[in-house]
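Here is the file input_18.tsv (TSV, C-alpha atoms).
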```tsv
chain	number	residue	atom	x	y	z
F	22	MET	CA	11.33	-2.51	-13.52
F	23	THR	CA	12.64	-3.20	-10.00
F	24	SER	CA	10.32	-1.76	-7.34
F	25	VAL	CA	11.85	0.46	-4.67
F	26	HIS	CA	10.68	-2.17	-2.17
F	27	GLU	CA	13.23	-4.56	-3.63
F	28	ARG	CA	16.10	-2.08	-3.29
F	29	VAL	CA	17.13	-3.55	0.05
F	30	SER	CA	19.20	-1.59	2.56
F	31	LYS	CA	21.91	-3.37	4.52
F	32	THR	CA	20.79	-2.08	7.89
F	33	SER	CA	21.49	-3.35	11.40
F	34	GLY	CA	18.45	-5.07	12.86
F	35	ALA	CA	17.71	-6.78	9.56
F	36	GLY	CA	19.25	-9.92	8.16
F	37	GLN	CA	22.68	-9.96	6.56
F	38	ASP	CA	21.27	-9.03	3.16
F	39	GLY	CA	18.92	-6.36	4.54
F	40	ARG	CA	15.90	-8.65	4.87
F	41	LEU	CA	13.85	-8.99	8.03
F	42	THR	CA	12.34	-12.24	9.25
F	43	ALA	CA	8.59	-12.25	9.84
F	44	ALA	CA	9.19	-13.09	13.51
F	45	THR	CA	11.53	-10.13	14.02
F	46	ALA	CA	9.23	-7.76	12.12
F	47	THR	CA	6.29	-8.82	14.26
F	48	ALA	CA	8.22	-8.54	17.51
F	49	VAL	CA	9.46	-5.04	16.65
F	50	ALA	CA	6.00	-3.87	15.61
F	51	VAL	CA	4.33	-5.28	18.74
F	52	ALA	CA	6.90	-3.63	21.01
F	53	ALA	CA	6.60	-0.26	19.27
F	54	LEU	CA	2.81	-0.29	19.29
F	55	ARG	CA	2.66	-1.32	22.95
F	56	GLU	CA	5.04	1.52	23.82
F	57	ALA	CA	2.64	3.86	22.00
F	58	GLY	CA	-0.14	2.74	24.33
F	59	VAL	CA	-1.87	0.15	22.17
F	60	PRO	CA	-3.20	-2.82	24.19
F	61	ASP	CA	-1.31	-6.08	23.70
F	62	GLY	CA	-4.06	-7.84	21.74
F	63	ASP	CA	-4.55	-4.93	19.36
F	64	ALA	CA	-0.80	-4.49	18.98
F	65	ARG	CA	-0.45	-8.13	17.97
F	66	ASP	CA	-3.33	-7.81	15.50
F	67	VAL	CA	-1.82	-4.74	13.82
F	68	ALA	CA	1.68	-6.23	13.76
F	69	ALA	CA	0.40	-9.49	12.27
F	70	ALA	CA	-1.59	-7.65	9.60
F	71	LEU	CA	1.36	-5.50	8.51
F	72	THR	CA	3.82	-8.40	8.56
F	73	ASP	CA	1.54	-10.74	6.65
F	74	THR	CA	0.85	-8.06	4.05
F	75	SER	CA	4.58	-7.57	3.47
F	76	LEU	CA	5.16	-11.33	3.43
F	77	ARG	CA	2.67	-11.47	0.56
F	78	GLY	CA	4.59	-8.80	-1.35
F	79	ILE	CA	2.10	-5.96	-0.90
F	80	ASP	CA	4.85	-3.71	0.42
F	81	THR	CA	3.00	-0.42	-0.01
F	82	HIS	CA	0.47	-1.54	2.62
F	83	GLY	CA	2.70	-3.59	4.90
F	84	LEU	CA	5.56	-2.88	7.31
F	85	ARG	CA	6.37	0.47	5.74
F	86	LEU	CA	3.13	1.80	7.30
F	87	LEU	CA	4.25	1.17	10.89
F	88	PRO	CA	6.21	4.46	11.28
F	89	GLN	CA	3.22	6.38	9.92
F	90	TYR	CA	0.82	4.59	12.28
F	91	LEU	CA	3.11	5.38	15.23
F	92	THR	CA	3.14	9.04	14.20
F	93	GLU	CA	-0.65	9.07	14.01
F	94	LEU	CA	-0.82	7.59	17.51
F	95	GLU	CA	1.61	10.20	18.80
F	96	GLN	CA	-0.41	13.00	17.19
F	97	ARG	CA	-3.71	11.48	18.40
F	98	ILE	CA	-4.99	11.16	14.86
F	99	ALA	CA	-5.40	7.53	15.87
F	100	VAL	CA	-6.55	6.54	19.36
F	101	ALA	CA	-4.48	3.85	21.07
F	102	ARG	CA	-7.34	2.59	23.25
F	103	PRO	CA	-10.53	3.39	21.34
F	104	ASP	CA	-14.05	2.79	22.54
F	105	ILE	CA	-15.48	1.16	19.40
F	106	THR	CA	-19.26	1.26	19.72
F	107	VAL	CA	-22.26	-0.20	17.92
F	108	VAL	CA	-24.40	2.73	16.80
F	109	ARG	CA	-26.99	0.67	14.91
F	110	ASP	CA	-27.78	-3.05	14.93
F	111	THR	CA	-30.52	-4.76	12.97
F	112	GLY	CA	-29.12	-8.28	13.22
F	113	ALA	CA	-27.53	-8.93	9.86
F	114	ALA	CA	-26.52	-5.27	9.52
F	115	VAL	CA	-24.30	-3.49	12.03
F	116	MET	CA	-22.89	0.04	12.06
F	117	LEU	CA	-19.80	0.83	14.15
F	118	ASP	CA	-18.19	4.06	15.30
F	119	ALA	CA	-14.45	3.37	15.54
F	120	ASP	CA	-13.68	6.29	17.88
F	121	GLY	CA	-10.60	7.15	15.83
F	122	ALA	CA	-9.06	3.68	16.16
F	123	LEU	CA	-6.15	2.49	14.10
F	124	GLY	CA	-7.81	1.28	10.91
F	125	VAL	CA	-6.55	-2.28	11.37
F	126	VAL	CA	-8.12	-2.45	14.84
F	127	ALA	CA	-11.43	-1.13	13.50
F	128	GLY	CA	-11.35	-3.36	10.41
F	129	LEU	CA	-10.73	-6.53	12.40
F	130	ALA	CA	-13.44	-5.61	14.92
F	131	ALA	CA	-15.84	-5.29	11.98
F	132	ALA	CA	-14.66	-8.57	10.44
F	133	ARG	CA	-15.22	-10.48	13.66
F	134	ILE	CA	-18.74	-9.14	14.00
F	135	ALA	CA	-19.42	-9.85	10.31
F	136	ALA	CA	-18.33	-13.49	10.71
F	137	GLU	CA	-20.52	-14.02	13.78
F	138	ARG	CA	-23.58	-12.43	12.18
F	139	ALA	CA	-23.13	-14.26	8.86
F	140	ARG	CA	-23.13	-17.60	10.67
F	141	ARG	CA	-26.35	-16.56	12.39
F	142	HIS	CA	-28.14	-14.97	9.42
F	143	GLY	CA	-26.35	-16.35	6.36
F	144	VAL	CA	-25.28	-12.86	5.31
F	145	ALA	CA	-23.93	-9.85	7.17
F	146	ALA	CA	-22.90	-6.30	6.39
F	147	VAL	CA	-20.86	-4.15	8.76
F	148	GLY	CA	-20.14	-0.48	8.22
F	149	VAL	CA	-17.48	1.51	10.07
F	150	ARG	CA	-17.16	5.26	10.46
F	151	ASN	CA	-14.63	7.51	12.22
F	152	SER	CA	-11.66	5.27	11.43
F	153	ASN	CA	-8.21	5.62	9.90
F	154	HIS	CA	-6.10	3.95	7.20
F	155	PHE	CA	-6.62	0.19	7.50
F	156	GLY	CA	-3.83	-1.12	5.26
F	157	ALA	CA	-4.63	-3.82	2.72
F	158	ALA	CA	-8.32	-4.61	2.26
F	159	SER	CA	-7.40	-8.27	1.82
F	160	VAL	CA	-6.47	-8.47	5.52
F	161	TYR	CA	-10.20	-8.47	6.29
F	162	SER	CA	-11.56	-10.42	3.32
F	163	ARG	CA	-8.97	-13.16	3.95
F	164	HIS	CA	-9.80	-13.15	7.66
F	165	LEU	CA	-13.37	-14.00	6.70
F	166	ALA	CA	-12.26	-16.55	4.11
F	167	ALA	CA	-10.15	-18.31	6.74
F	168	GLU	CA	-13.37	-18.77	8.72
F	169	GLY	CA	-14.94	-20.65	5.79
F	170	LEU	CA	-16.92	-17.59	4.71
F	171	VAL	CA	-16.85	-15.28	1.69
F	172	GLY	CA	-15.53	-11.79	2.38
F	173	ILE	CA	-16.11	-8.61	0.39
F	174	VAL	CA	-14.38	-5.46	1.65
F	175	THR	CA	-13.89	-1.86	0.61
F	176	THR	CA	-12.94	1.46	2.18
F	177	SER	CA	-13.02	5.14	1.46
F	178	ALA	CA	-9.72	6.89	0.72
F	179	ALA	CA	-8.48	10.42	0.06
F	180	SER	CA	-8.70	11.71	-3.51
F	181	ARG	CA	-6.04	10.66	-6.01
F	182	VAL	CA	-8.02	9.54	-9.08
F	183	ALA	CA	-9.72	11.76	-11.65
F	184	PRO	CA	-12.97	10.59	-13.22
F	185	PHE	CA	-12.74	9.34	-16.79
F	186	SER	CA	-12.29	12.40	-19.06
F	187	GLY	CA	-11.96	14.62	-15.97
F	188	THR	CA	-9.05	16.61	-14.53
F	189	ARG	CA	-9.68	16.99	-10.78
F	190	PRO	CA	-8.84	14.07	-8.48
F	191	LEU	CA	-12.13	13.04	-6.88
F	192	TYR	CA	-11.82	9.41	-5.80
F	193	GLY	CA	-9.34	7.53	-3.71
F	194	THR	CA	-7.59	4.48	-5.07
F	195	ASN	CA	-10.62	2.80	-3.45
F	196	PRO	CA	-9.77	-0.90	-3.15
F	197	LEU	CA	-12.16	-3.77	-3.66
F	198	SER	CA	-11.27	-7.11	-2.12
F	199	PHE	CA	-13.03	-10.46	-2.47
F	200	ALA	CA	-11.80	-13.64	-0.78
F	201	ALA	CA	-12.88	-17.25	-0.29
F	202	ALA	CA	-11.01	-20.40	0.69
F	203	CYS	CA	-11.61	-24.15	0.72
F	204	ASP	CA	-9.41	-27.12	1.65
F	205	GLY	CA	-6.28	-25.02	1.94
F	206	ASP	CA	-6.76	-23.24	-1.38
F	207	GLU	CA	-7.61	-19.56	-1.64
F	208	PHE	CA	-9.06	-16.96	-3.98
F	209	ALA	CA	-7.94	-13.51	-2.80
F	210	LEU	CA	-8.56	-10.52	-5.06
F	211	ASP	CA	-7.38	-7.15	-3.72
F	212	MET	CA	-7.34	-4.45	-6.37
F	213	ALA	CA	-7.22	-0.69	-6.51
F	214	THR	CA	-9.71	0.97	-8.83
F	215	SER	CA	-6.89	3.13	-10.24
F	216	GLN	CA	-4.26	1.93	-12.69
F	217	VAL	CA	-1.57	2.12	-9.98
F	218	CYS	CA	-1.23	3.38	-6.43
F	219	PHE	CA	0.10	6.90	-5.87
F	220	GLY	CA	3.14	5.48	-4.08
F	221	GLU	CA	4.41	4.18	-7.42
F	222	ILE	CA	4.19	7.70	-8.88
F	223	LYS	CA	6.22	9.05	-5.95
F	224	GLU	CA	8.87	6.37	-6.34
F	225	ARG	CA	9.22	7.00	-10.09
F	226	ARG	CA	9.51	10.72	-9.31
F	227	LYS	CA	12.16	10.07	-6.65
F	228	HIS	CA	14.26	7.96	-9.00
F	229	GLY	CA	13.72	10.09	-12.11
F	230	GLU	CA	11.96	7.27	-13.96
F	231	PRO	CA	9.14	7.86	-16.48
F	232	LEU	CA	5.61	6.68	-15.83
F	233	ASP	CA	4.03	3.93	-17.88
F	234	PRO	CA	1.48	5.28	-20.38
F	235	GLY	CA	-2.05	5.37	-18.98
F	236	TRP	CA	-1.08	5.66	-15.34
F	237	ALA	CA	-1.72	9.35	-14.76
F	238	THR	CA	-2.82	12.64	-16.29
F	239	ASP	CA	-1.53	16.20	-16.01
F	240	ALA	CA	-3.51	19.20	-14.76
F	241	ALA	CA	-5.19	19.58	-18.15
F	242	GLY	CA	-6.26	15.93	-18.25
F	243	ARG	CA	-3.64	14.90	-20.82
F	244	PRO	CA	-1.74	11.60	-20.40
F	245	ALA	CA	1.41	12.19	-18.34
F	246	THR	CA	4.58	10.11	-18.44
F	247	ASP	CA	6.72	12.69	-16.62
F	248	PRO	CA	6.11	11.95	-12.92
F	249	GLY	CA	6.67	15.63	-12.14
F	250	GLU	CA	3.62	16.50	-14.24
F	251	ALA	CA	1.33	13.83	-12.79
F	252	HIS	CA	-1.71	15.60	-11.34
F	253	ALA	CA	-4.15	12.71	-11.00
F	254	LEU	CA	-4.15	8.95	-11.28
F	255	SER	CA	-6.16	7.38	-14.08
F	256	PRO	CA	-9.06	5.05	-13.26
F	257	LEU	CA	-8.56	1.37	-14.01
F	258	GLY	CA	-10.01	0.56	-17.43
F	259	GLY	CA	-11.32	4.08	-18.08
F	260	TYR	CA	-14.99	4.68	-17.31
F	261	LYS	CA	-15.36	1.17	-15.88
F	262	GLY	CA	-12.73	1.90	-13.25
F	263	GLN	CA	-14.47	5.17	-12.46
F	264	GLY	CA	-17.66	3.22	-11.88
F	265	LEU	CA	-15.91	0.79	-9.53
F	266	ALA	CA	-14.31	3.70	-7.64
F	267	MET	CA	-17.75	5.22	-7.18
F	268	VAL	CA	-19.06	1.89	-5.89
F	269	ALA	CA	-16.32	1.91	-3.23
F	270	THR	CA	-17.18	5.50	-2.29
F	271	LEU	CA	-20.89	4.68	-2.19
F	272	LEU	CA	-20.31	1.75	0.19
F	273	GLY	CA	-17.33	2.98	2.20
F	274	ALA	CA	-18.36	6.62	2.59
F	275	VAL	CA	-21.96	7.35	1.62
F	276	LEU	CA	-23.53	4.26	3.22
F	277	THR	CA	-21.50	4.65	6.44
F	278	GLY	CA	-22.12	8.39	6.79
F	279	SER	CA	-18.42	9.14	6.33
F	280	PRO	CA	-16.87	12.05	4.41
F	281	ALA	CA	-16.57	11.59	0.65
F	282	ASP	CA	-13.09	10.97	-0.72
F	283	TRP	CA	-12.53	14.61	-1.71
F	284	HIS	CA	-13.15	15.71	1.90
F	285	LEU	CA	-10.52	13.35	3.37
F	286	GLU	CA	-6.94	14.26	4.29
F	287	HIS	CA	-4.13	12.13	2.91
F	288	ILE	CA	-2.16	9.88	5.21
F	289	GLY	CA	0.70	11.93	6.65
F	290	GLU	CA	-1.20	15.19	6.12
F	291	ALA	CA	-4.02	14.96	8.68
F	292	GLU	CA	-4.58	17.55	11.38
F	293	PRO	CA	-3.40	16.29	14.79
F	294	GLY	CA	-5.99	15.54	17.44
F	295	ARG	CA	-8.75	14.04	15.32
F	296	SER	CA	-9.23	10.95	13.20
F	297	ARG	CA	-9.20	11.09	9.42
F	298	GLY	CA	-12.86	9.99	9.40
F	299	ILE	CA	-12.37	7.09	7.01
F	300	GLY	CA	-15.22	4.65	6.43
F	301	HIS	CA	-15.00	0.90	5.78
F	302	PHE	CA	-17.61	-1.56	4.58
F	303	LEU	CA	-17.56	-5.36	4.89
F	304	ILE	CA	-19.97	-7.96	3.51
F	305	CYS	CA	-19.80	-11.56	4.67
F	306	LEU	CA	-21.59	-14.56	3.17
F	307	ASP	CA	-21.91	-18.03	4.67
F	308	PRO	CA	-21.90	-20.66	1.88
F	309	ALA	CA	-23.94	-22.97	4.10
F	310	ALA	CA	-26.89	-20.58	3.75
F	311	PHE	CA	-26.94	-20.84	-0.04
F	312	ALA	CA	-26.10	-23.97	-2.05
F	313	GLY	CA	-24.46	-25.49	1.02
F	314	ALA	CA	-20.87	-25.89	2.18
F	315	GLU	CA	-20.20	-29.09	0.21
F	316	SER	CA	-21.56	-27.67	-3.02
F	317	PHE	CA	-19.56	-24.49	-2.50
F	318	ALA	CA	-16.34	-26.45	-1.92
F	319	ALA	CA	-16.84	-28.48	-5.08
F	320	GLY	CA	-17.68	-25.43	-7.18
F	321	PHE	CA	-14.79	-23.48	-5.71
F	322	ALA	CA	-12.32	-26.23	-6.58
F	323	ASP	CA	-13.71	-26.49	-10.10
F	324	LEU	CA	-13.44	-22.72	-10.60
F	325	VAL	CA	-9.86	-22.30	-9.44
F	326	ASP	CA	-8.53	-25.58	-10.87
F	327	THR	CA	-10.07	-25.03	-14.30
F	328	THR	CA	-8.69	-21.49	-14.39
F	329	ARG	CA	-5.17	-22.56	-13.46
F	330	GLN	CA	-5.25	-25.36	-16.04
F	331	ALA	CA	-6.10	-22.98	-18.86
F	332	GLU	CA	-3.48	-23.00	-21.61
F	333	PRO	CA	-1.28	-19.87	-21.56
F	334	GLY	CA	-0.97	-17.73	-24.67
F	335	ALA	CA	1.92	-18.13	-27.09
F	336	GLU	CA	3.79	-15.13	-25.64
F	337	ALA	CA	2.85	-15.65	-22.01
F	338	THR	CA	5.73	-15.79	-19.53
F	339	LEU	CA	3.65	-17.10	-16.61
F	340	PRO	CA	0.98	-19.74	-16.23
F	341	VAL	CA	-2.64	-18.69	-15.88
F	342	GLN	CA	-3.17	-17.71	-12.25
F	343	VAL	CA	-5.99	-17.16	-9.79
F	344	PRO	CA	-6.10	-13.93	-7.75
F	345	GLY	CA	-3.88	-14.48	-4.74
F	346	ASP	CA	-1.51	-16.97	-6.42
F	347	PRO	CA	1.35	-14.46	-6.90
F	348	GLN	CA	1.02	-13.34	-3.29
F	349	GLN	CA	1.06	-16.92	-1.99
F	350	ARG	CA	4.21	-17.61	-3.99
F	351	THR	CA	5.88	-14.48	-2.64
F	352	ALA	CA	4.86	-15.38	0.91
F	353	ARG	CA	6.52	-18.79	0.61
F	354	GLU	CA	9.73	-17.23	-0.70
F	355	ARG	CA	9.85	-14.50	1.93
F	356	ALA	CA	9.06	-16.93	4.74
F	357	VAL	CA	12.37	-18.61	3.88
F	358	HIS	CA	14.52	-15.66	2.79
F	359	GLY	CA	13.00	-12.78	4.75
F	360	ILE	CA	11.11	-9.61	3.90
F	361	PRO	CA	13.03	-6.97	1.90
F	362	LEU	CA	12.64	-3.44	3.21
F	363	ASP	CA	13.07	-0.12	1.44
F	364	PRO	CA	15.83	2.06	2.97
F	365	HIS	CA	13.48	4.31	4.98
F	366	THR	CA	11.58	1.38	6.49
F	367	ALA	CA	14.82	-0.54	7.15
F	368	ARG	CA	16.21	2.41	9.11
F	369	ALA	CA	12.99	2.80	11.09
F	370	PHE	CA	12.90	-0.89	12.03
F	371	ALA	CA	16.60	-0.90	12.93
F	372	GLU	CA	16.05	2.02	15.29
F	373	LEU	CA	12.97	0.42	16.84
F	374	ALA	CA	14.72	-2.94	17.20
F	375	ALA	CA	17.67	-1.32	18.96
F	376	ARG	CA	15.35	0.68	21.20
F	377	HIS	CA	13.50	-2.41	22.33
F	378	GLY	CA	16.48	-4.74	22.44
F	379	ILE	CA	15.22	-7.03	19.68
F	380	GLY	CA	17.83	-8.89	17.62
F	381	ALA	CA	17.57	-10.05	14.02
F	382	GLY	CA	16.93	-13.61	15.15
F	383	ALA	CA	13.92	-12.76	17.33
```

Rewritten as structure tokens:
Amino acid sequence: MTSVHERVSKTSGAGQDGRLTAATATAVAVAALREAGVPDGDARDVAAALTDTSLRGIDTHGLRLLPQYLTELEQRIAVARPDITVVRDTGAAVMLDADGALGVVAGLAAARIAAERARRHGVAAVGVRNSNHFGAASVYSRHLAAEGLVGIVTTSAASRVAPFSGTRPLYGTNPLSFAAACDGDEFALDMATSQVCFGEIKERRKHGEPLDPGWATDAAGRPATDPGEAHALSPLGGYKGQGLAMVATLLGAVLTGSPADWHLEHIGEAEPGRSRGIGHFLICLDPAAFAGAESFAAGFADLVDTTRQAEPGAEATLPVQVPGDPQQRTARERAVHGIPLDPHTARAFAELAARHGIGAGA
């Protein structure tokens, strides 16, 4: 099945085949965010996060979010110049109030504190309340991994997923991301705790395509393959996915004092003038505080190399991979050929590029 994100629009402001270079995407996003009142440093952070996420092929959480983030800034759901404050600090544990910041700004503020505290204490945990949608959780786990640390990240999210055997959506798609890196190699797991994201249901509905079995249930809790009857997403792996979704809610919402998933408004549906109240939670570990950096590097290499060298099954079409491998491969391809945009996002970027006088070769 070809994702909607690969149905590229031939739109001015993009490349000849409808793709956008990373440099142009970043320049457009920075200009648009700065015009919306976001300080230059924060604008560059948000633009880099969205562009890198799309480069890696995670299109649902990449550049297509920029128009929505700009709308949230305009409606003051997100605050362009937030006063992010420390509300509790015990050394290795820090609690932040994001003051309604863009989620990427809040998430990176938390990641930077987590890295500094982990180097000091060996381990750090940073909670965030009063935030907004922060894009891909791997933005923050990989930020920590790039610092030679181990990152573990989750966030609360508005309800889309019914509990196993249940009918009412209670949990968000509640991502869990783990990342580590050594000697230029990377392990980067970023997974929803539902079978698929809700965006895939909407795209199947838009194009009149059936859902894969096990993705969703109807209002009575029966499996749904008609996207028009999809009432709730199914948890990943049944009751185990429900358990993981509850872990994300426990850390991202309960531990940070944020609203539970079923009290949150969906992106694009929030009431103007106040943040969506999303909570994030980051854990950071310094390998030097445990078996030591050298031991960690050797064990890391053994883990990822042995996994990749595993013999594929008789019917396998791909080699055995480590989490993050497909995204790295996509990033290399898109760095050369550009980032494909869905028609709506292509139009939005074309308009923004024209408004700010940014050409396709920027």

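Between Asp120 (chain F) and the residues F:Ala240, F:Leu84, F:Ile98, F:Val51, the shortest atom-to-atom distance, using only C-alpha atoms, involves F:Ile98.
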
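Proximity ranking of F:Pro196, F:Gly242, F:Gly298, F:Gly313 relative to Leu265 (chain F) places F:Pro196 first, based on all atoms listed in the file.
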
At what distance in Å, to one decimal, does CA of Ile288 (chain F) lie from CA of Ala253 (chain F)? 16.6 Å

For Pro293 (chain F): contacts at 10 Å, all atoms listed in the file, fewer than 2 positions along chain excluded, given as a VMD selection string: chain F and resid 92 to 99 290 to 291 295 to 297

Around (9.1, -3.0, 1.7) in the file's frame, which residues reach within 12 Å when counting all atoms listed in the file? Return as a ChimeraX atom specification? /F:24-30,39-41,46,71-87,220,355,359-370

Just to be explicit: take each residue in the selection above, keep C-alpha atoms, and write the result as a short mmCIF file (atom, residue, chain, number, x, y, z; two decimals), in the frame of the given file.
```
data_model
loop_
_atom_site.label_atom_id
_atom_site.label_comp_id
_atom_site.auth_asym_id
_atom_site.auth_seq_id
_atom_site.Cartn_x
_atom_site.Cartn_y
_atom_site.Cartn_z
CA SER F 24 10.32 -1.76 -7.34
CA VAL F 25 11.85 0.46 -4.67
CA HIS F 26 10.68 -2.17 -2.17
CA GLU F 27 13.23 -4.56 -3.63
CA ARG F 28 16.10 -2.08 -3.29
CA VAL F 29 17.13 -3.55 0.05
CA SER F 30 19.20 -1.59 2.56
CA GLY F 39 18.92 -6.36 4.54
CA ARG F 40 15.90 -8.65 4.87
CA LEU F 41 13.85 -8.99 8.03
CA ALA F 46 9.23 -7.76 12.12
CA LEU F 71 1.36 -5.50 8.51
CA THR F 72 3.82 -8.40 8.56
CA ASP F 73 1.54 -10.74 6.65
CA THR F 74 0.85 -8.06 4.05
CA SER F 75 4.58 -7.57 3.47
CA LEU F 76 5.16 -11.33 3.43
CA ARG F 77 2.67 -11.47 0.56
CA GLY F 78 4.59 -8.80 -1.35
CA ILE F 79 2.10 -5.96 -0.90
CA ASP F 80 4.85 -3.71 0.42
CA THR F 81 3.00 -0.42 -0.01
CA HIS F 82 0.47 -1.54 2.62
CA GLY F 83 2.70 -3.59 4.90
CA LEU F 84 5.56 -2.88 7.31
CA ARG F 85 6.37 0.47 5.74
CA LEU F 86 3.13 1.80 7.30
CA LEU F 87 4.25 1.17 10.89
CA GLY F 220 3.14 5.48 -4.08
CA ARG F 355 9.85 -14.50 1.93
CA GLY F 359 13.00 -12.78 4.75
CA ILE F 360 11.11 -9.61 3.90
CA PRO F 361 13.03 -6.97 1.90
CA LEU F 362 12.64 -3.44 3.21
CA ASP F 363 13.07 -0.12 1.44
CA PRO F 364 15.83 2.06 2.97
CA HIS F 365 13.48 4.31 4.98
CA THR F 366 11.58 1.38 6.49
CA ALA F 367 14.82 -0.54 7.15
CA ARG F 368 16.21 2.41 9.11
CA ALA F 369 12.99 2.80 11.09
CA PHE F 370 12.90 -0.89 12.03
#
```

So, with only C-alpha atoms as the atoms that count, which of F:Phe302, F:Ala166, F:Pro184, F:Ala319 lies closest to Leu254 (chain F)? F:Pro184

Using all atoms listed in the file, give me every residue within 7 Å of (-18.5, -7.9, 6.4) in file coordinates, as a list of chain:residue names. F:Ala131, F:Ala132, F:Ala135, F:Ala145, F:Ala146, F:Val147, F:Gly172, F:Ile173, F:Val174, F:Phe302, F:Leu303, F:Ile304, F:Cys305

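Each of F:Ala375, F:Ala201, F:Ala183, F:Ala314 was checked against Tyr260 (chain F) using all atoms listed in the file; the smallest atom-to-atom distance is that of F:Ala183.
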
Would you fill out region 294-305 of chain F with N, CA and C atoms and return it as a short mmCIF file (atom, residue, chain, number, x, y, z; two decimals), keeping the file's coordinate frame?
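Full text of rebuild_33.cif as output:
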```cif
data_model
loop_
_atom_site.label_atom_id
_atom_site.label_comp_id
_atom_site.auth_asym_id
_atom_site.auth_seq_id
_atom_site.Cartn_x
_atom_site.Cartn_y
_atom_site.Cartn_z
N GLY F 294 -4.92 15.45 16.45
CA GLY F 294 -5.99 15.54 17.44
C GLY F 294 -7.34 15.03 17.01
N ARG F 295 -7.47 14.61 15.76
CA ARG F 295 -8.75 14.04 15.32
C ARG F 295 -8.50 13.00 14.24
N SER F 296 -9.40 12.02 14.18
CA SER F 296 -9.23 10.95 13.20
C SER F 296 -9.45 11.48 11.79
N ARG F 297 -9.03 10.69 10.82
CA ARG F 297 -9.20 11.09 9.42
C ARG F 297 -10.62 10.83 8.93
N GLY F 298 -11.45 10.17 9.74
CA GLY F 298 -12.86 9.99 9.40
C GLY F 298 -13.11 9.02 8.27
N ILE F 299 -12.22 8.05 8.11
CA ILE F 299 -12.37 7.09 7.01
C ILE F 299 -13.48 6.09 7.33
N GLY F 300 -14.18 5.65 6.29
CA GLY F 300 -15.22 4.65 6.43
C GLY F 300 -14.84 3.34 5.76
N HIS F 301 -15.23 2.23 6.35
CA HIS F 301 -15.00 0.90 5.78
C HIS F 301 -16.35 0.19 5.64
N PHE F 302 -16.39 -0.79 4.73
CA PHE F 302 -17.61 -1.56 4.58
C PHE F 302 -17.25 -3.01 4.27
N LEU F 303 -17.83 -3.93 5.03
CA LEU F 303 -17.56 -5.36 4.89
C LEU F 303 -18.86 -6.12 4.69
N ILE F 304 -18.85 -7.04 3.75
CA ILE F 304 -19.97 -7.96 3.51
C ILE F 304 -19.44 -9.37 3.71
N CYS F 305 -20.21 -10.19 4.40
CA CYS F 305 -19.80 -11.56 4.67
C CYS F 305 -20.94 -12.52 4.33
#
```
